$ cat protein-v2.txt   # compact mmCIF, C-alpha atoms
# COMPACT_ATOMS: atom_id res chain seq x y z
CA ALA A 17 -15.46 1.77 11.70
CA CYS A 18 -11.99 0.35 11.03
CA SER A 19 -10.88 3.51 9.24
CA ILE A 20 -12.08 5.75 12.08
CA SER A 21 -10.49 3.56 14.74
CA LEU A 22 -7.21 3.29 12.86
CA SER A 23 -6.95 7.07 12.42
CA LEU A 24 -7.44 7.62 16.14
CA CYS A 25 -5.01 4.86 17.13
CA ASN A 26 -2.41 6.23 14.72
CA LYS A 27 -2.82 9.69 16.23
CA LEU A 28 -2.21 8.18 19.67
CA VAL A 29 0.86 6.11 18.83
CA PHE A 30 2.50 8.58 16.42
CA SER A 31 2.11 11.48 18.85
CA GLY A 32 3.69 9.90 21.92
CA LYS A 33 6.03 12.36 23.59
CA ASN A 34 8.57 9.75 24.63
CA PHE A 35 7.77 7.20 21.96
CA ASP A 36 9.00 8.56 18.62
CA TYR A 37 9.54 5.45 16.49
CA PRO A 38 7.37 5.92 13.37
CA MET A 39 9.29 3.54 11.12
CA ALA A 40 9.38 0.81 13.77
CA ILE A 41 5.62 1.18 14.31
CA LEU A 42 5.03 0.70 10.59
CA THR A 43 7.27 -2.37 10.73
CA PHE A 44 5.13 -3.76 13.54
CA GLN A 45 1.93 -3.13 11.58
CA SER A 46 3.26 -5.00 8.53
CA LEU A 47 4.46 -7.86 10.74
CA CYS A 48 0.99 -8.18 12.27
CA ALA A 49 -0.61 -8.41 8.83
CA VAL A 50 1.80 -11.13 7.70
CA ILE A 51 1.29 -13.14 10.90
CA PHE A 52 -2.52 -12.88 10.76
CA LEU A 53 -2.86 -13.75 7.08
CA LYS A 54 -0.20 -16.47 6.81
CA GLY A 55 -1.26 -17.89 10.17
CA GLY A 56 -4.84 -18.17 8.94
CA ASP A 57 -3.56 -19.85 5.78
CA LEU A 58 -1.45 -22.43 7.68
CA LEU A 59 -4.30 -23.18 10.10
CA GLY A 60 -6.74 -23.74 7.25
CA LEU A 61 -8.89 -20.76 8.23
CA SER A 62 -8.62 -19.23 4.75
CA LYS A 63 -7.96 -20.29 1.18
CA PRO A 64 -4.33 -21.23 0.38
CA MET A 65 -2.21 -18.16 -0.33
CA PRO A 66 1.11 -19.31 -1.83
CA LEU A 67 3.69 -16.60 -2.42
CA GLN A 68 3.97 -15.83 -6.14
CA ARG A 69 6.89 -14.12 -7.85
CA ASP A 70 4.73 -12.50 -10.55
CA LEU A 71 2.44 -10.99 -7.93
CA PHE A 72 5.43 -9.59 -6.03
CA VAL A 73 6.59 -7.91 -9.25
CA ALA A 74 3.13 -6.45 -9.88
CA MET A 75 2.88 -5.24 -6.28
CA GLY A 76 6.27 -3.51 -6.34
CA PRO A 77 5.24 0.04 -7.38
CA VAL A 78 2.04 -0.18 -5.33
CA THR A 79 4.00 -1.21 -2.24
CA LEU A 80 6.51 1.63 -2.59
CA LEU A 81 3.68 4.17 -2.82
CA PHE A 82 1.84 2.48 0.05
CA CYS A 83 4.94 2.77 2.25
CA ALA A 84 5.36 6.40 1.27
CA MET A 85 1.69 7.08 2.07
CA LEU A 86 2.00 5.53 5.54
CA TRP A 87 5.29 7.28 6.25
CA THR A 88 4.10 10.76 5.23
CA SER A 89 0.83 10.22 7.12
CA GLY A 90 2.70 9.35 10.30
CA LYS A 91 4.99 12.38 9.96
CA ALA A 92 2.02 14.68 9.29
CA LEU A 93 0.08 13.40 12.29
CA ARG A 94 2.98 14.30 14.54
CA PHE A 95 3.01 17.95 13.46
CA CYS A 96 -0.66 18.56 12.52
CA SER A 97 -3.86 18.61 14.54
CA MET A 98 -6.49 16.02 13.66
CA PRO A 99 -8.91 18.58 12.13
CA LEU A 100 -6.23 19.98 9.81
CA PHE A 101 -5.15 16.46 8.92
CA THR A 102 -8.78 15.77 7.94
CA VAL A 103 -8.98 18.87 5.74
CA PHE A 104 -5.89 17.88 3.78
CA LYS A 105 -7.00 14.25 3.41
CA ASN A 106 -10.18 15.53 1.77
CA LEU A 107 -8.05 17.27 -0.83
CA ALA A 108 -6.87 13.80 -1.88
CA VAL A 109 -10.46 13.05 -2.91
CA VAL A 110 -10.47 16.08 -5.19
CA GLY A 111 -7.10 15.03 -6.62
CA THR A 112 -8.25 11.46 -7.27
CA THR A 113 -11.46 12.64 -8.94
CA THR A 114 -9.47 15.00 -11.16
CA TRP A 115 -7.03 12.25 -12.14
CA GLU A 116 -9.79 9.83 -13.11
CA TYR A 117 -11.49 12.57 -15.14
CA PHE A 118 -8.39 13.08 -17.30
CA ARG A 119 -7.23 9.43 -17.30
CA TYR A 120 -10.48 7.55 -17.86
CA GLY A 121 -12.82 10.30 -18.99
CA ASN A 122 -15.04 9.82 -15.94
CA THR A 123 -17.56 12.63 -15.89
CA VAL A 124 -18.13 14.57 -12.69
CA SER A 125 -21.79 15.40 -12.20
CA PHE A 126 -22.95 18.58 -10.50
CA GLY A 127 -24.08 16.55 -7.49
CA ALA A 128 -20.67 14.87 -7.10
CA ALA A 129 -18.84 18.21 -7.41
CA LEU A 130 -21.21 19.80 -4.89
CA SER A 131 -20.67 16.95 -2.42
CA LEU A 132 -16.88 17.33 -2.70
CA ALA A 133 -17.12 21.04 -1.98
CA MET A 134 -19.42 20.36 0.98
CA MET A 135 -17.01 17.74 2.31
CA VAL A 136 -13.98 20.03 2.23
CA GLY A 137 -16.00 22.93 3.62
CA GLY A 138 -17.46 20.77 6.37
CA SER A 139 -14.05 19.60 7.55
CA VAL A 140 -12.79 23.19 7.61
CA VAL A 141 -15.77 24.37 9.65
CA ALA A 142 -15.55 21.36 11.99
CA GLY A 143 -11.94 22.02 12.80
CA TYR A 144 -12.03 25.81 12.84
CA GLY A 145 -10.05 27.06 15.80
CA ASP A 146 -7.93 23.91 15.97
CA LEU A 147 -6.36 24.01 12.49
CA THR A 148 -2.85 24.05 13.91
CA ALA A 149 0.33 22.78 12.29
CA THR A 150 3.99 23.60 11.91
CA VAL A 151 5.60 24.36 8.57
CA GLU A 152 7.04 20.85 8.64
CA GLY A 153 3.56 19.43 9.24
CA ILE A 154 2.13 21.29 6.22
CA PHE A 155 4.96 19.96 4.06
CA TRP A 156 4.39 16.34 5.11
CA MET A 157 0.64 16.71 4.70
CA MET A 158 0.98 18.00 1.13
CA MET A 159 3.34 15.15 0.35
CA ASN A 160 0.79 12.72 1.80
CA VAL A 161 -1.95 14.09 -0.48
CA LEU A 162 0.20 13.68 -3.59
CA VAL A 163 1.33 10.18 -2.65
CA THR A 164 -2.24 9.11 -1.79
CA VAL A 165 -3.50 10.15 -5.25
CA ALA A 166 -0.57 8.36 -6.91
CA TYR A 167 -1.18 5.25 -4.79
CA LEU A 168 -4.88 4.98 -5.71
CA ALA A 169 -4.14 5.64 -9.38
CA THR A 170 -1.42 2.96 -9.51
CA LEU A 171 -3.56 0.53 -7.53
CA LYS A 172 -6.35 0.83 -10.08
CA GLU A 173 -3.97 0.40 -13.02
CA ARG A 174 -1.75 -2.49 -11.94
CA MET A 175 -3.71 -4.77 -9.64
CA PRO A 176 -4.65 -8.19 -11.10
CA THR A 177 -8.34 -9.00 -10.86
CA ASP A 178 -7.99 -12.77 -10.57
CA VAL A 179 -6.23 -12.72 -7.17
CA SER A 180 -8.04 -12.55 -3.83
CA SER A 181 -7.82 -9.46 -1.62
CA SER A 182 -6.21 -11.57 1.12
CA SER A 183 -3.44 -12.73 -1.19
CA LYS A 184 -2.77 -9.17 -2.40
CA THR A 185 -2.64 -7.97 1.20
CA LEU A 186 -0.20 -10.73 2.16
CA HIS A 187 2.17 -9.98 -0.72
CA ASN A 188 1.91 -6.24 -0.10
CA ASN A 189 2.80 -6.59 3.57
CA VAL A 190 5.66 -9.02 2.97
CA LEU A 191 7.25 -6.36 0.78
CA THR A 192 6.50 -3.51 3.20
CA LEU A 193 7.86 -5.58 6.08
CA LEU A 194 11.19 -6.02 4.30
CA LEU A 195 11.39 -2.31 3.49
CA PHE A 196 10.40 -1.13 6.97
CA VAL A 197 12.71 -3.58 8.77
CA CYS A 198 15.69 -2.33 6.77
CA ALA A 199 14.70 1.31 7.26
CA SER A 200 13.99 1.06 10.99
CA ALA A 201 17.15 -0.95 11.62
CA SER A 202 19.31 1.50 9.67
CA ASN A 203 18.06 4.56 11.54
CA GLY A 204 18.36 2.84 14.92
CA GLU A 205 14.63 2.66 15.77
CA LEU A 206 14.07 -1.10 15.84
CA MET A 207 15.79 -2.12 19.07
CA PRO A 208 14.77 0.96 21.13
CA PHE A 209 11.17 0.41 19.97
CA CYS A 210 11.18 -3.15 21.30
CA THR A 211 12.68 -1.99 24.58
CA GLN A 212 10.50 1.07 25.10
CA LEU A 213 7.21 -0.59 24.10
CA SER A 214 7.26 -2.78 27.21
CA ARG A 215 7.70 0.35 29.37
CA GLN A 216 4.80 2.26 27.87
CA PRO A 217 1.41 2.61 29.60
CA GLY A 218 -1.19 0.00 28.81
CA ARG A 219 -3.14 2.45 26.66
CA MET A 220 -0.17 2.97 24.38
CA GLN A 221 0.54 -0.77 24.11
CA VAL A 222 -3.06 -1.52 23.19
CA GLY A 223 -2.99 1.33 20.67
CA VAL A 224 0.11 -0.07 18.96
CA LEU A 225 -1.43 -3.55 18.79
CA MET A 226 -4.71 -2.20 17.40
CA THR A 227 -2.89 -0.34 14.61
CA GLY A 228 -1.61 -3.73 13.43
CA VAL A 229 -5.03 -5.39 13.59
CA LEU A 230 -6.93 -2.51 12.02
CA GLY A 231 -4.23 -1.89 9.41
CA THR A 232 -4.65 -5.46 8.16
CA ALA A 233 -8.42 -5.05 7.84
CA ILE A 234 -8.08 -1.71 6.04
CA ASN A 235 -5.48 -3.12 3.65
CA MET A 236 -7.73 -6.02 2.65
CA SER A 237 -10.81 -3.84 2.22
CA THR A 238 -8.84 -1.36 0.09
CA PHE A 239 -7.92 -4.01 -2.49
CA TRP A 240 -11.51 -5.26 -2.62
CA CYS A 241 -13.01 -1.76 -2.91
CA MET A 242 -10.64 -0.72 -5.69
CA HIS A 243 -11.67 -3.86 -7.60
CA VAL A 244 -15.39 -3.09 -7.49
CA THR A 245 -15.51 0.72 -7.58
CA SER A 246 -13.62 3.82 -8.70
CA GLY A 247 -10.79 5.44 -6.81
CA ALA A 248 -12.85 8.61 -6.43
CA THR A 249 -15.71 6.77 -4.71
CA TYR A 250 -13.29 4.91 -2.45
CA ALA A 251 -11.52 8.14 -1.51
CA PHE A 252 -14.83 9.93 -0.88
CA VAL A 253 -16.03 7.21 1.50
CA GLY A 254 -12.71 7.47 3.31
CA ALA A 255 -13.11 11.23 3.54
CA THR A 256 -16.63 10.82 4.93
CA ASN A 257 -15.15 8.73 7.72
CA LYS A 258 -12.89 11.62 8.63
CA ILE A 259 -15.81 13.76 9.81
CA PRO A 260 -16.46 11.62 12.92
CA VAL A 261 -12.67 11.32 13.26
CA ALA A 262 -12.42 15.10 13.55
CA ILE A 263 -15.07 15.19 16.27
CA LEU A 264 -13.66 12.20 18.15
CA GLY A 265 -10.24 13.83 17.88
CA HIS A 266 -11.65 16.84 19.72
CA LEU A 267 -13.03 14.57 22.45
CA LEU A 268 -10.16 12.16 22.92
CA PHE A 269 -7.38 14.72 22.63
CA HIS A 270 -9.03 17.28 24.93
CA SER A 271 -10.10 19.89 22.42
CA VAL A 272 -13.28 21.92 22.76
CA ILE A 273 -16.18 21.12 20.41
CA THR A 274 -17.51 24.40 19.05
CA THR A 275 -20.77 25.21 17.32
CA GLY A 276 -18.84 25.25 14.09
CA GLY A 277 -17.80 21.67 14.77
CA TRP A 278 -21.39 20.49 14.82
CA ILE A 279 -22.11 22.51 11.67
CA GLY A 280 -19.16 20.82 10.00
CA VAL A 281 -20.48 17.39 10.95
CA GLY A 282 -23.85 18.29 9.43
CA LEU A 283 -22.20 19.46 6.21
CA GLY A 284 -20.12 16.30 6.03
CA LEU A 285 -23.11 14.03 6.50
CA ALA A 286 -25.11 16.04 3.96
CA ALA A 287 -22.22 15.72 1.52
CA GLY A 288 -22.31 11.96 1.88
CA LEU A 289 -26.05 11.96 1.16
CA VAL A 290 -25.65 14.23 -1.89
CA TYR A 291 -22.87 12.02 -3.24
CA ALA A 292 -24.94 8.85 -2.78
CA VAL A 293 -27.92 10.42 -4.59
CA ALA A 294 -25.68 11.67 -7.40
CA LYS A 295 -24.12 8.24 -7.89
CA GLU A 296 -27.54 6.56 -7.90
CA ARG A 297 -28.75 8.93 -10.61
CA GLU A 298 -25.62 8.24 -12.64
CA ARG A 299 -26.29 4.49 -12.34
CA GLN A 300 -29.89 4.92 -13.50
CA GLN A 301 -28.75 6.99 -16.47
CA ARG A 302 -26.21 4.31 -17.44
CA ASP A 303 -28.92 1.64 -17.24
CA MET A 304 -31.22 3.73 -19.44
CA ARG A 305 -28.47 4.25 -22.02
CA GLY A 306 -27.72 0.52 -22.01
CA THR A 307 -31.39 -0.31 -22.56
CA GLU A 308 -31.61 2.21 -25.40
CA ARG A 309 -28.52 0.76 -27.10
CA GLU A 310 -29.97 -2.73 -26.85
CA ARG A 311 -33.23 -1.52 -28.35
CA GLU A 312 -31.41 0.18 -31.24
CA HIS A 313 -29.37 -2.96 -31.82
CA LEU A 314 -32.47 -5.10 -32.08
CA LEU A 315 -34.14 -2.67 -34.48
CA GLY A 316 -31.02 -2.39 -36.62
CA GLU A 317 -30.46 -6.08 -37.38
CA ASN A 318 -30.01 -7.06 -41.03
CA THR A 319 -32.75 -8.57 -43.18
CA ASP A 320 -31.71 -12.14 -42.46
CA ASP A 321 -32.28 -11.59 -38.77
CA ALA A 322 -34.94 -8.91 -39.16
CA LEU A 323 -37.51 -8.54 -36.42
CA SER A 324 -41.01 -9.71 -37.18
CA PRO A 325 -43.66 -6.96 -37.04
CA ALA A 326 -44.76 -8.23 -33.64
CA LYS A 327 -41.23 -8.15 -32.19
CA ALA A 328 -40.59 -4.70 -33.64
CA ALA A 329 -43.78 -3.48 -32.00
CA VAL A 330 -42.60 -4.82 -28.64
CA VAL A 331 -39.19 -3.14 -28.99
CA ARG A 332 -40.68 0.20 -30.02
CA ALA A 333 -43.00 0.02 -27.04
CA GLY A 334 -39.92 0.10 -24.83
CA GLY A 335 -39.40 -3.56 -23.96
CA THR A 336 -36.21 -5.58 -24.29
CA THR A 337 -36.62 -8.36 -21.76
CA GLY A 338 -38.61 -11.40 -22.83
CA ILE A 339 -39.09 -10.03 -26.36
CA ASP A 340 -39.07 -13.42 -28.06
CA SER A 341 -41.64 -15.04 -25.81
CA LEU A 342 -43.99 -12.05 -25.86
CA ALA A 343 -43.73 -11.57 -29.60
CA ASP A 344 -44.31 -15.28 -30.24
CA GLU A 345 -47.51 -15.08 -28.20
CA LEU A 346 -48.66 -12.08 -30.26
CA GLU A 347 -47.86 -13.82 -33.54
CA SER A 348 -49.66 -16.98 -32.46
CA GLY A 349 -52.72 -14.95 -31.52
CA LEU A 350 -52.68 -13.08 -34.82
CA ALA A 351 -52.31 -16.32 -36.76
CA ALA A 352 -55.19 -17.93 -34.92
CA ARG A 353 -57.37 -14.91 -35.56
CA GLY A 354 -56.43 -15.03 -39.25
CA ASP A 355 -57.43 -18.70 -39.48
CA GLU A 356 -60.83 -17.91 -37.97
CA ASP A 357 -61.40 -15.11 -40.49
CA LEU A 358 -60.41 -17.45 -43.34
CA ARG A 359 -62.88 -20.05 -42.18
$ encode --input "protein-v2.txt" --output "structure tokens"
Amino acid sequence: ACSISLSLCNKLVFSGKNFDYPMAILTFQSLCAVIFLKGGDLLGLSKPMPLQRDLFVAMGPVTLLFCAMLWTSGKALRFCSMPLFTVFKNLAVVGTTTWEYFRYGNTVSFGAALSLAMMVGGSVVAGYGDLTATVEGIFWMMMNVLVTVAYLATLKERMPTDVSSSSKTLHNNVLTLLLFVCASASNGELMPFCTQLSRQPGRMQVGVLMTGVLGTAINMSTFWCMHVTSGATYAFVGATNKIPVAILGHLLFHSVITTGGWIGVGLGLAAGLVYAVAKERERQQRDMRGTEREREHLLGENTDDALSPAKAAVVRAGGTTGIDSLADELESGLAARGDEDLR
């Protein structure tokens, strides 16, 4: 929900005819994140988040790529329609999946590949007839795809796992705030932005404020998601969100929804289902391989720790959990039966 809302709010604020201050808007978004997170810390609403030099150093490359991703996204939104923007963002999923295949050896199942193709195809069909952009818009969109892949790859490589998502978000936005303040002040956007914002319609003012609120939530969830899952899965979920964004973009920005648009939505939703099924099958296969390795390990122990005949029988039968207790019961029963026969 946050991703969908943020995309629509960004389209609103970055496309204003008399409100062209992209760098100042990004400065405002970073400022909101710092105020929300540090304010919550000072008020005792969250765990303490002291600023750490080592974390700033680790966040440096990630922050630079994050700034570049936001900047190129804002430029692309100004010169591209929402449907075309969605199509290109889906290409970032393909790029991220390809990178993780070569970098980590992550296999791509047929189901995952099929879902990616369905996702890209669905976004094309959904936006057919409104895939408009200037040459400048295509350039910025391609740059955004490349930077997005680099950002997710670097985020996965460099982020410490023992730091909370809130603390990472705070450090990231302190750095981006410094960069964006300098950039917006140097190109003369900062002061006109402050002056013109008060003269904008209420809808625009609310949109600018919501980009700060939603940007903070997205930033925090990104760090958490990249800690618990792969970049490809994170990017695919983000791409799935772009299907309703494409349709809402038609509605809110006065475009006509065609039959192809509804077909595209169906393909996008089906792609999400196919991807979920494919990932569940991959998880089951990993669990089966883990169980098999454990079974082989138990059967391959040396003679000092060799399995008793009863334990070996349990392992060969396919069990690994509770082996000791079950085998002990079998051995006790066999021993008791042997004593009866002896008597």
$ closest_residue --input "protein-v2.txt" --among "A:Met175, A:Leu213, A:Ala128, A:Leu194" --to "Trp240 (chain A)" --atoms "only C-alpha atoms"
A:Met175
$ atom_distance --input "protein-v2.txt" --atom1 "CA of Ser89 (chain A)" --atom2 "CA of Val50 (chain A)"
21.4 Å
$ closest_residue --input "protein-v2.txt" --among "A:Leu47, A:Leu24, A:Leu206, A:Ala108" --to "Asn160 (chain A)" --atoms "only C-alpha atoms"
A:Ala108
$ closest_residue --input "protein-v2.txt" --among "A:Gly137, A:Gly288, A:Gly204, A:Gly153" --to "Cys96 (chain A)" --atoms "all atoms listed in the file"
A:Gly153
$ closest_residue --input "protein-v2.txt" --among "A:Leu171, A:Met135, A:Ile154, A:Val141" --to "Met242 (chain A)" --atoms "only C-alpha atoms"
A:Leu171
$ atom_distance --input "protein-v2.txt" --atom1 "CA of Ile41 (chain A)" --atom2 "CA of Phe72 (chain A)"
23.0 Å
$ atom_distance --input "protein-v2.txt" --atom1 "CA of Thr88 (chain A)" --atom2 "CA of Asn26 (chain A)"
12.4 Å
$ closest_residue --input "protein-v2.txt" --among "A:Asn34, A:Gly56, A:Arg299, A:Ala49" --to "Leu230 (chain A)" --atoms "all atoms listed in the file"
A:Ala49
